[in-house]
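**Q** Coordinates in entry_25.cif, mmCIF, C-alpha atoms, are listed below.
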data_start
#
loop_
_atom_site.label_atom_id
_atom_site.label_comp_id
_atom_site.auth_asym_id
_atom_site.auth_seq_id
_atom_site.Cartn_x
_atom_site.Cartn_y
_atom_site.Cartn_z
CA MET V 1 162.59 33.48 94.37
CA SER V 2 163.80 31.69 97.44
CA GLU V 3 164.36 27.97 97.11
CA ILE V 4 161.39 27.13 99.29
CA SER V 5 158.91 28.74 96.94
CA ASN V 6 160.01 26.63 94.00
CA ASN V 7 157.56 24.05 95.27
CA SER V 8 154.41 24.36 93.21
CA GLU V 9 152.31 23.92 96.33
CA SER V 10 153.88 26.86 98.12
CA PHE V 11 152.97 30.51 98.08
CA GLN V 12 154.09 32.32 94.97
CA ALA V 13 155.11 35.88 95.56
CA PRO V 14 153.50 38.06 92.94
CA SER V 15 156.15 39.36 90.65
CA SER V 16 156.06 43.08 90.05
CA GLY V 17 157.41 42.40 86.60
CA GLY V 18 160.28 44.82 86.25
CA GLY V 19 162.78 43.85 88.89
CA GLY V 20 161.59 46.36 91.48
CA GLY V 21 159.72 43.71 93.44
CA LYS V 22 161.34 41.49 96.01
CA ASP V 23 160.14 38.17 97.26
CA PHE V 24 157.30 38.11 99.67
CA PRO V 25 158.61 38.68 103.18
CA GLY V 26 157.91 35.44 104.99
CA GLN V 27 158.49 31.73 105.17
CA ILE V 28 156.31 28.88 104.02
CA HIS V 29 155.52 26.24 106.60
CA GLU V 30 154.62 23.11 104.64
CA THR V 31 151.65 21.08 105.79
CA PRO V 32 149.84 18.23 104.03
CA GLY V 33 147.52 19.67 101.39
CA GLY V 34 148.97 23.18 101.46
CA GLY V 35 151.20 25.55 103.33
CA ILE V 36 151.09 28.20 106.01
CA VAL V 37 152.81 31.52 105.49
CA LEU V 38 154.72 32.76 108.51
CA SER V 39 155.54 36.45 108.51
CA LYS V 40 155.40 39.67 110.45
CA LEU V 41 152.30 41.72 109.74
CA ASP V 42 154.38 44.92 109.52
CA ASP V 43 156.54 43.32 106.85
CA VAL V 44 153.50 42.21 104.87
CA ILE V 45 151.98 45.68 105.09
CA ASN V 46 155.22 47.35 104.01
CA TRP V 47 155.55 44.87 101.14
CA ALA V 48 152.03 45.63 100.00
CA ARG V 49 152.44 49.38 100.35
CA SER V 50 155.74 49.48 98.52
CA ASN V 51 154.24 47.83 95.46
CA SER V 52 151.39 50.27 95.11
CA LEU V 53 152.77 53.78 95.46
CA TRP V 54 150.73 56.37 93.65
CA PRO V 55 152.59 59.62 93.08
CA LEU V 56 151.08 63.07 93.22
CA THR V 57 150.86 65.11 90.02
CA PHE V 58 153.28 67.78 91.19
CA ALA V 59 156.04 69.43 89.19
CA THR V 60 157.38 72.96 89.38
CA SER V 61 160.08 73.05 86.67
CA CYS V 62 161.88 71.19 83.91
CA CYS V 63 162.29 68.05 86.07
CA GLY V 64 158.55 67.71 85.56
CA ILE V 65 159.21 66.93 81.89
CA GLU V 66 161.44 64.00 82.86
CA TYR V 67 158.82 62.96 85.38
CA MET V 68 156.24 62.92 82.58
CA ALA V 69 158.61 60.86 80.44
CA VAL V 70 158.89 58.33 83.25
CA ALA V 71 155.11 58.21 83.51
CA GLY V 72 154.80 57.74 79.75
CA ALA V 73 154.92 54.56 77.73
CA LYS V 74 158.66 54.45 77.07
CA TYR V 75 159.86 54.32 80.69
CA ASP V 76 156.50 53.58 82.33
CA PHE V 77 156.69 53.62 86.11
CA SER V 78 153.43 51.62 86.21
CA ARG V 79 155.63 48.56 85.78
CA PHE V 80 156.93 49.09 89.31
CA GLY V 81 153.62 49.82 91.02
CA PHE V 82 153.52 53.60 90.52
CA GLU V 83 150.33 52.95 88.65
CA VAL V 84 148.96 56.41 87.97
CA ALA V 85 149.75 59.94 89.09
CA ARG V 86 146.93 61.27 91.22
CA ALA V 87 145.82 64.87 90.91
CA SER V 88 144.67 65.02 94.53
CA PRO V 89 147.06 64.76 97.48
CA ARG V 90 144.35 62.84 99.35
CA GLN V 91 144.81 59.93 96.96
CA ALA V 92 148.59 60.06 96.65
CA ASP V 93 151.21 58.10 98.58
CA VAL V 94 154.39 59.71 97.33
CA ILE V 95 155.24 63.26 96.31
CA ILE V 96 158.04 63.69 93.78
CA ILE V 97 159.35 67.23 94.16
CA ALA V 98 160.24 67.79 90.52
CA GLY V 99 161.66 71.28 90.29
CA THR V 100 162.58 74.51 92.00
CA ILE V 101 160.73 75.44 95.18
CA VAL V 102 160.51 79.20 95.55
CA ASN V 103 159.63 80.99 98.77
CA LYS V 104 156.08 81.56 97.57
CA MET V 105 155.68 77.87 96.71
CA GLY V 106 156.97 76.73 100.11
CA PRO V 107 153.67 77.03 102.01
CA VAL V 108 151.84 75.34 99.13
CA LEU V 109 154.23 72.40 99.19
CA LYS V 110 153.82 72.08 102.96
CA ARG V 111 150.07 72.14 102.61
CA LEU V 112 150.07 69.48 99.88
CA TYR V 113 152.26 67.29 102.06
CA ASP V 114 149.98 67.79 105.05
CA GLN V 115 146.94 66.87 102.95
CA MET V 116 148.43 63.55 101.89
CA GLY V 117 147.18 60.61 103.89
CA ASP V 118 149.61 58.53 105.95
CA PRO V 119 151.78 56.73 105.10
CA LYS V 120 153.46 59.20 102.77
CA TYR V 121 156.88 59.39 101.19
CA VAL V 122 158.92 62.13 99.55
CA ILE V 123 161.41 62.05 96.67
CA ALA V 124 163.49 65.15 95.95
CA MET V 125 164.18 65.07 92.22
CA GLY V 126 167.02 67.11 90.75
CA ALA V 127 169.45 69.74 91.95
CA CYS V 128 166.82 72.41 92.74
CA ALA V 129 164.83 70.18 95.05
CA ILE V 130 168.01 68.94 96.74
CA SER V 131 169.81 72.22 97.40
CA GLY V 132 168.43 75.02 95.26
CA GLY V 133 170.77 73.83 92.51
CA PRO V 134 171.72 76.55 90.02
CA PHE V 135 169.80 79.04 92.15
CA PHE V 136 171.88 78.43 95.27
CA TYR V 137 173.92 81.64 95.03
CA ASN V 138 172.67 85.21 95.01
CA THR V 139 168.97 84.66 94.79
CA TYR V 140 166.21 86.23 96.80
CA SER V 141 163.39 83.83 95.97
CA VAL V 142 164.51 80.18 95.96
CA VAL V 143 164.33 77.72 98.87
CA LYS V 144 167.75 76.08 99.17
CA GLY V 145 166.50 72.52 99.30
CA ALA V 146 162.98 71.19 99.68
CA ASP V 147 164.04 69.41 102.89
CA HIS V 148 163.86 72.80 104.59
CA ILE V 149 160.08 72.39 104.27
CA ILE V 150 159.22 68.68 104.31
CA PRO V 151 161.25 65.55 105.15
CA VAL V 152 162.79 63.79 102.14
CA ASP V 153 163.35 60.04 101.83
CA VAL V 154 165.19 59.75 98.52
CA TYR V 155 167.32 62.33 96.69
CA VAL V 156 167.97 62.01 92.95
CA ALA V 157 170.95 63.94 91.59
CA GLY V 158 170.82 65.52 88.16
CA CYS V 159 169.75 68.65 86.37
CA PRO V 160 167.39 67.20 85.39
CA PRO V 161 167.99 63.52 86.24
CA ARG V 162 167.69 60.93 83.49
CA PRO V 163 164.41 59.00 83.50
CA GLU V 164 166.42 55.92 84.47
CA ALA V 165 167.70 57.81 87.51
CA LEU V 166 164.17 58.59 88.62
CA LEU V 167 163.17 54.96 88.12
CA HIS V 168 166.13 53.96 90.25
CA ALA V 169 165.00 56.40 92.92
CA LEU V 170 161.48 54.99 92.86
CA ILE V 171 162.81 51.46 93.26
CA SER V 172 165.14 52.66 96.03
CA LEU V 173 162.13 54.11 97.80
CA GLN V 174 160.40 50.74 97.56
CA GLU V 175 163.45 49.07 99.08
CA LYS V 176 163.47 51.62 101.90
CA ILE V 177 159.79 51.04 102.63
CA LYS V 178 160.27 47.26 102.69
CA ALA V 179 163.16 47.71 105.08
CA GLY V 180 161.08 50.06 107.24
CA MET V 181 163.68 52.79 106.79
CA THR V 182 161.71 55.78 105.49
CA ARG V 183 161.66 58.83 107.72
CA GLU V 184 158.03 58.41 108.56
CA GLN V 185 158.40 54.73 109.43
CA ILE V 186 161.33 55.43 111.71
CA LYS V 187 159.46 58.28 113.39
CA SER V 188 156.29 56.26 114.00
CA GLY V 189 158.21 53.13 115.03
CA ILE V 190 156.63 50.79 112.46
CA MET E 1 157.66 100.04 56.47
CA ASN E 2 161.32 99.12 56.50
CA ASN E 3 163.78 100.51 59.05
CA GLU E 4 164.84 103.43 56.85
CA GLU E 5 161.24 104.55 56.30
CA LEU E 6 160.49 104.16 59.99
CA LYS E 7 163.54 106.27 60.81
CA THR E 8 162.41 109.06 58.46
CA LYS E 9 158.88 108.96 59.80
CA ILE E 10 159.91 108.99 63.47
CA THR E 11 162.40 111.80 62.86
CA GLU E 12 159.43 113.86 61.63
CA LEU E 13 157.51 113.04 64.82
CA LEU E 14 160.42 113.64 67.18
CA PRO E 15 163.37 115.54 65.67
CA GLY E 16 165.48 115.03 68.82
CA ALA E 17 165.45 111.24 68.63
CA THR E 18 168.70 109.34 68.00
CA PHE E 19 168.87 105.96 66.29
CA ASP E 20 170.86 102.75 66.48
CA GLU E 21 170.56 100.49 63.43
CA THR E 22 173.06 97.78 64.34
CA GLY E 23 170.36 95.21 65.19
CA GLU E 24 167.54 93.67 63.22
CA TRP E 25 165.11 96.21 64.56
CA LEU E 26 165.45 99.97 64.62
CA ASN E 27 166.46 101.24 68.08
CA ILE E 28 165.25 104.69 69.04
CA ASN E 29 166.70 106.58 71.99
CA VAL E 30 164.37 109.13 73.52
CA GLU E 31 164.45 111.36 76.56
CA PRO E 32 161.99 110.30 79.28
CA ALA E 33 160.23 113.67 78.94
CA ASP E 34 159.54 113.07 75.22
CA TRP E 35 158.34 109.49 75.61
CA LEU E 36 154.64 109.87 76.33
CA SER E 37 153.91 112.27 73.45
CA LEU E 38 155.88 110.05 71.06
CA ALA E 39 154.08 106.92 72.30
CA VAL E 40 150.68 108.40 71.54
CA LYS E 41 151.80 109.24 67.99
CA LEU E 42 153.35 105.80 67.42
CA ARG E 43 150.10 104.17 68.45
CA ASN E 44 147.72 106.41 66.54
CA ASP E 45 149.59 107.29 63.34
CA ASP E 46 147.91 105.59 60.37
CA LEU E 47 151.19 104.58 58.74
CA LEU E 48 152.91 103.39 61.92
CA PHE E 49 150.03 101.85 63.87
CA PHE E 50 152.09 100.27 66.64
CA ASP E 51 149.15 98.57 68.37
CA TYR E 52 151.10 95.90 70.20
CA LEU E 53 153.57 96.47 73.05
CA PHE E 54 155.12 93.01 73.19
CA CYS E 55 157.90 93.62 75.67
CA LEU E 56 158.52 96.19 78.37
CA THR E 57 161.57 95.83 80.55
CA CYS E 58 164.44 97.63 82.22
CA ILE E 59 168.22 97.25 82.40
CA ASP E 60 170.40 98.27 85.34
CA TRP E 61 173.73 99.64 84.07
CA LYS E 62 174.76 100.73 87.60
CA THR E 63 175.40 104.30 86.34
CA HIS E 64 171.87 104.60 84.95
CA LEU E 65 168.76 102.57 84.17
CA THR E 66 167.44 101.99 80.65
CA MET E 67 163.77 101.41 79.96
CA VAL E 68 163.20 99.22 76.90
CA TYR E 69 159.94 99.04 74.97
CA HIS E 70 159.41 96.65 72.05
CA LEU E 71 156.58 97.69 69.77
CA SER E 72 154.98 95.84 66.92
CA SER E 73 152.23 96.55 64.42
CA THR E 74 149.80 93.71 63.81
CA LYS E 75 148.67 95.53 60.64
CA TYR E 76 152.01 96.33 58.99
CA ARG E 77 154.21 93.73 60.76
CA HIS E 78 157.01 96.17 61.52
CA ASN E 79 158.83 96.35 64.85
CA ILE E 80 160.80 98.97 66.73
CA VAL E 81 162.64 99.21 70.02
CA ILE E 82 162.44 102.33 72.17
CA LYS E 83 165.12 102.97 74.78
CA SER E 84 165.11 105.66 77.40
CA LYS E 85 167.80 106.45 79.97
CA LEU E 86 166.65 107.05 83.52
CA ASP E 87 168.43 108.60 86.47
CA VAL E 88 169.42 105.83 88.87
CA ALA E 89 168.84 108.05 91.91
CA LYS E 90 165.30 109.03 90.92
CA PRO E 91 164.04 106.75 88.14
CA GLU E 92 160.71 107.93 86.84
CA ILE E 93 158.94 107.93 83.48
CA GLU E 94 155.40 108.44 82.24
CA SER E 95 153.22 105.32 82.22
CA VAL E 96 151.99 104.11 78.83
CA SER E 97 149.37 101.84 80.37
CA HIS E 98 146.46 103.88 79.00
CA ILE E 99 147.86 103.48 75.46
CA TRP E 100 148.73 99.78 75.69
CA LYS E 101 146.75 98.05 78.45
CA THR E 102 149.33 95.27 78.72
CA ALA E 103 151.71 97.82 80.22
CA ILE E 104 149.70 97.83 83.46
CA PHE E 105 151.23 94.49 84.47
CA HIS E 106 154.60 95.06 82.80
CA GLU E 107 155.09 98.37 84.54
CA ARG E 108 154.11 96.87 87.88
CA GLU E 109 156.79 94.24 87.40
CA VAL E 110 159.46 96.80 86.48
CA TYR E 111 158.31 98.87 89.45
CA GLU E 112 158.88 96.05 91.92
CA MET E 113 162.03 94.63 90.33
CA PHE E 114 163.85 97.88 89.46
CA GLY E 115 162.04 100.53 91.47
CA VAL E 116 161.07 102.64 88.46
CA ASP E 117 158.26 105.05 89.29
CA PHE E 118 155.66 105.14 86.51
CA LEU E 119 153.85 108.47 86.61
CA ASN E 120 150.05 108.33 86.21
CA HIS E 121 149.92 104.55 86.40
CA PRO E 122 146.41 103.54 87.58
CA ASP E 123 147.48 100.81 90.03
CA LEU E 124 151.20 100.90 90.77
CA ARG E 125 151.78 98.22 93.41
CA LEU E 126 153.70 94.96 93.76
CA LEU E 127 152.85 92.27 91.23
CA ILE E 128 154.71 89.08 92.20
CA LEU E 129 156.74 89.89 95.30
CA PRO E 130 155.13 89.31 98.70
CA ASP E 131 153.82 92.20 100.78
CA GLY E 132 156.44 94.19 102.59
CA TRP E 133 158.94 94.24 99.71
CA GLU E 134 158.48 97.91 98.90
CA GLY E 135 161.80 99.69 98.51
CA LYS E 136 163.90 96.56 97.91
CA ASN E 137 164.36 95.91 94.20
CA PRO E 138 165.82 92.45 93.59
CA MET E 139 166.83 93.01 89.97
CA ARG E 140 169.05 95.97 90.81
CA LYS E 141 172.74 95.13 90.64
CA ASP E 142 173.36 96.47 94.15
CA PHE E 143 170.55 94.42 95.73
CA GLU E 144 171.46 92.19 98.65
CA ASP E 145 168.95 90.18 100.62
CA PRO E 146 170.36 89.78 104.15
CA VAL E 147 168.54 86.46 104.67
CA ASN E 148 168.75 84.51 101.42
CA MET E 149 171.91 85.70 99.67
CA ILE E 150 174.83 83.30 99.57
CA LYS E 151 177.87 84.97 98.04
CA LEU E 152 180.35 83.10 95.88
#
Take the structure in the file and write it out as structure tokens.
**A**
Amino acid sequence: MSEISNNSESFQAPSSGGGGGKDFPGQIHETPGGGIVLSKLDDVINWARSNSLWPLTFATSCCGIEYMAVAGAKYDFSRFGFEVARASPRQADVIIIAGTIVNKMGPVLKRLYDQMGDPKYVIAMGACAISGGPFFYNTYSVVKGADHIIPVDVYVAGCPPRPEALLHALISLQEKIKAGMTREQIKSGI
Amino acid sequence: MNNEELKTKITELLPGATFDETGEWLNINVEPADWLSLAVKLRNDDLLFFDYLFCLTCIDWKTHLTMVYHLSSTKYRHNIVIKSKLDVAKPEIESVSHIWKTAIFHEREVYEMFGVDFLNHPDLRLLILPDGWEGKNPMRKDFEDPVNMIKL
């Protein structure tokens, strides 16, 4: 909390509960009987978007098990605004590439990404999604990194990554969105 | 039946068979030419009744290929392994897909991965690999994909 919002009259930024949330991007201009929030609309939109990112139910290998653990009660990414995994790309904001992408899966991944509504974000989870991982050498069927197919915002190392590592990646993605630094934001100039 | 009884019984069916008893299951080496007639007997014999082909695969030893069939009986709960050496230059063996239907898919997979030609198979074409892969067998030791291979 910034010092200005300690005033009970001022705007209270909603806390996202788990430390992933940052203060509301703006300043409070005090007036008698209340206050006026001064901010940039883009910042407000990015703040709102970053705190409600719904991931796509998409997993191709063992990283999917860790992904499920993070979605479950023990690690629970709902605490950070990743409320529920959506089974349709039309309703999802972020795709977590959890597992190996083989040549046959490549077009499917591209299609899922294309079907997601803007704005959309991508996390490459684990060694396979980053570089092909253990299947980098001498294989005829594995794509050596999902970023050959779709642009990736956050990479998580591990084989598979710990659930904490995925949570860290999700929070990092939120920070990137708030800063306007995801690939899509840079491309579209928002 | 235990392994010893199976060995006696199969020796009656195919006197030329050789055995390897080092593993848990009895291994039987047969010539490719003898395989189909033996397979029919293994399936239909009342005391053997191998009604379940639970694994069908191939091994590339560079000098030759080995077909491996794992058979089980759901009635008697005994298992055997059949091995058959194939010529690496012209690998072919009779299909058993009309005895065990599951072999239709298994043989298609071995066909695309190892290039083994299954004689009298009803539908011998690629199973998993994309169209245009005929002739390139990725599970062979000498396989090299010019596009995707990264050598250590």
**Q** Rank nothing, just name the residue among E:Asp45, E:Asp60, E:Asp123, E:Asp145 nearest to E:Leu13, using all atoms listed in the file.
**A**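 Ranking E:Asp45, E:Asp60, E:Asp123, E:Asp145 by distance to E:Leu13, first place goes to E:Asp45.
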**Q** What would the selection look like, as a PyMOL selection string, if the PyMOL selection byres ((chain V) within 7 of (chain E)) were run on the coordinates I just shared?
**A** chain V and resi 137-140
**Q** Near stretch 100-102 of chain E, within 9 Å and counting only C-alpha atoms, which residues show up once chain neighbours fewer than 2 positions away are dropped, as a list in words?
**A** Arg43, Asp51, Tyr52, Leu53, Phe54, Val96, Ser97, His98, Ile104, Phe105, His106 and Glu107 of chain E
**Q** Which neighbours of V:Arg183 fall inside 12 Å, counting all atoms listed in the file, when residues of the same chain fewer than 3 positions from it are skipped, and could you give them as a PyMOL selection string?
**A** chain V and resi 119-123+147+150-154+173+176-177+179-180+186-190
**Q** Need to verify the contact set: stretch 78-88 of chain E, 7 Å, all atoms listed in the file, exclusion of same-chain residues closer than 3 positions in sequence. Can you return it as a ChimeraX atom specification?
**A** /E:1,25-32,63-73,91-92
**Q** Could you save the residues just selected, with C-alpha atoms, as a CSV table (one decimal), in the frame of the given file?
**A**
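And here is the file that came out, result_13.csv:
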chain,number,residue,atom,x,y,z
E,1,MET,CA,157.7,100.0,56.5
E,25,TRP,CA,165.1,96.2,64.6
E,26,LEU,CA,165.4,100.0,64.6
E,27,ASN,CA,166.5,101.2,68.1
E,28,ILE,CA,165.2,104.7,69.0
E,29,ASN,CA,166.7,106.6,72.0
E,30,VAL,CA,164.4,109.1,73.5
E,31,GLU,CA,164.4,111.4,76.6
E,32,PRO,CA,162.0,110.3,79.3
E,63,THR,CA,175.4,104.3,86.3
E,64,HIS,CA,171.9,104.6,85.0
E,65,LEU,CA,168.8,102.6,84.2
E,66,THR,CA,167.4,102.0,80.6
E,67,MET,CA,163.8,101.4,80.0
E,68,VAL,CA,163.2,99.2,76.9
E,69,TYR,CA,159.9,99.0,75.0
E,70,HIS,CA,159.4,96.6,72.0
E,71,LEU,CA,156.6,97.7,69.8
E,72,SER,CA,155.0,95.8,66.9
E,73,SER,CA,152.2,96.6,64.4
E,91,PRO,CA,164.0,106.8,88.1
E,92,GLU,CA,160.7,107.9,86.8
**Q** Would you kindly translate the PyMOL selection byres ((chain V and resi 61) around 12) into the concrete residues it picks from this file, as a short mmCIF file (atom, residue, chain, number, x, y, z; two decimals) with C-alpha atoms, keeping the file's coordinate frame?
**A**
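result16.cif was written with the following content:
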data_model
loop_
_atom_site.label_atom_id
_atom_site.label_comp_id
_atom_site.auth_asym_id
_atom_site.auth_seq_id
_atom_site.Cartn_x
_atom_site.Cartn_y
_atom_site.Cartn_z
CA PHE V 58 153.28 67.78 91.19
CA ALA V 59 156.04 69.43 89.19
CA THR V 60 157.38 72.96 89.38
CA CYS V 62 161.88 71.19 83.91
CA CYS V 63 162.29 68.05 86.07
CA GLY V 64 158.55 67.71 85.56
CA ILE V 65 159.21 66.93 81.89
CA GLU V 66 161.44 64.00 82.86
CA TYR V 67 158.82 62.96 85.38
CA MET V 68 156.24 62.92 82.58
CA ILE V 96 158.04 63.69 93.78
CA ILE V 97 159.35 67.23 94.16
CA ALA V 98 160.24 67.79 90.52
CA GLY V 99 161.66 71.28 90.29
CA THR V 100 162.58 74.51 92.00
CA ILE V 101 160.73 75.44 95.18
CA VAL V 102 160.51 79.20 95.55
CA MET V 105 155.68 77.87 96.71
CA MET V 125 164.18 65.07 92.22
CA GLY V 126 167.02 67.11 90.75
CA ALA V 127 169.45 69.74 91.95
CA CYS V 128 166.82 72.41 92.74
CA ALA V 129 164.83 70.18 95.05
CA CYS V 159 169.75 68.65 86.37
CA PRO V 160 167.39 67.20 85.39
#
**Q** Please, what distance in Å, to one decimal, runs between atom CA of V:Gly106 and atom CA of V:His148?
**A**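 Separating atom CA of V:Gly106 from atom CA of V:His148 is a distance of 9.1 Å.
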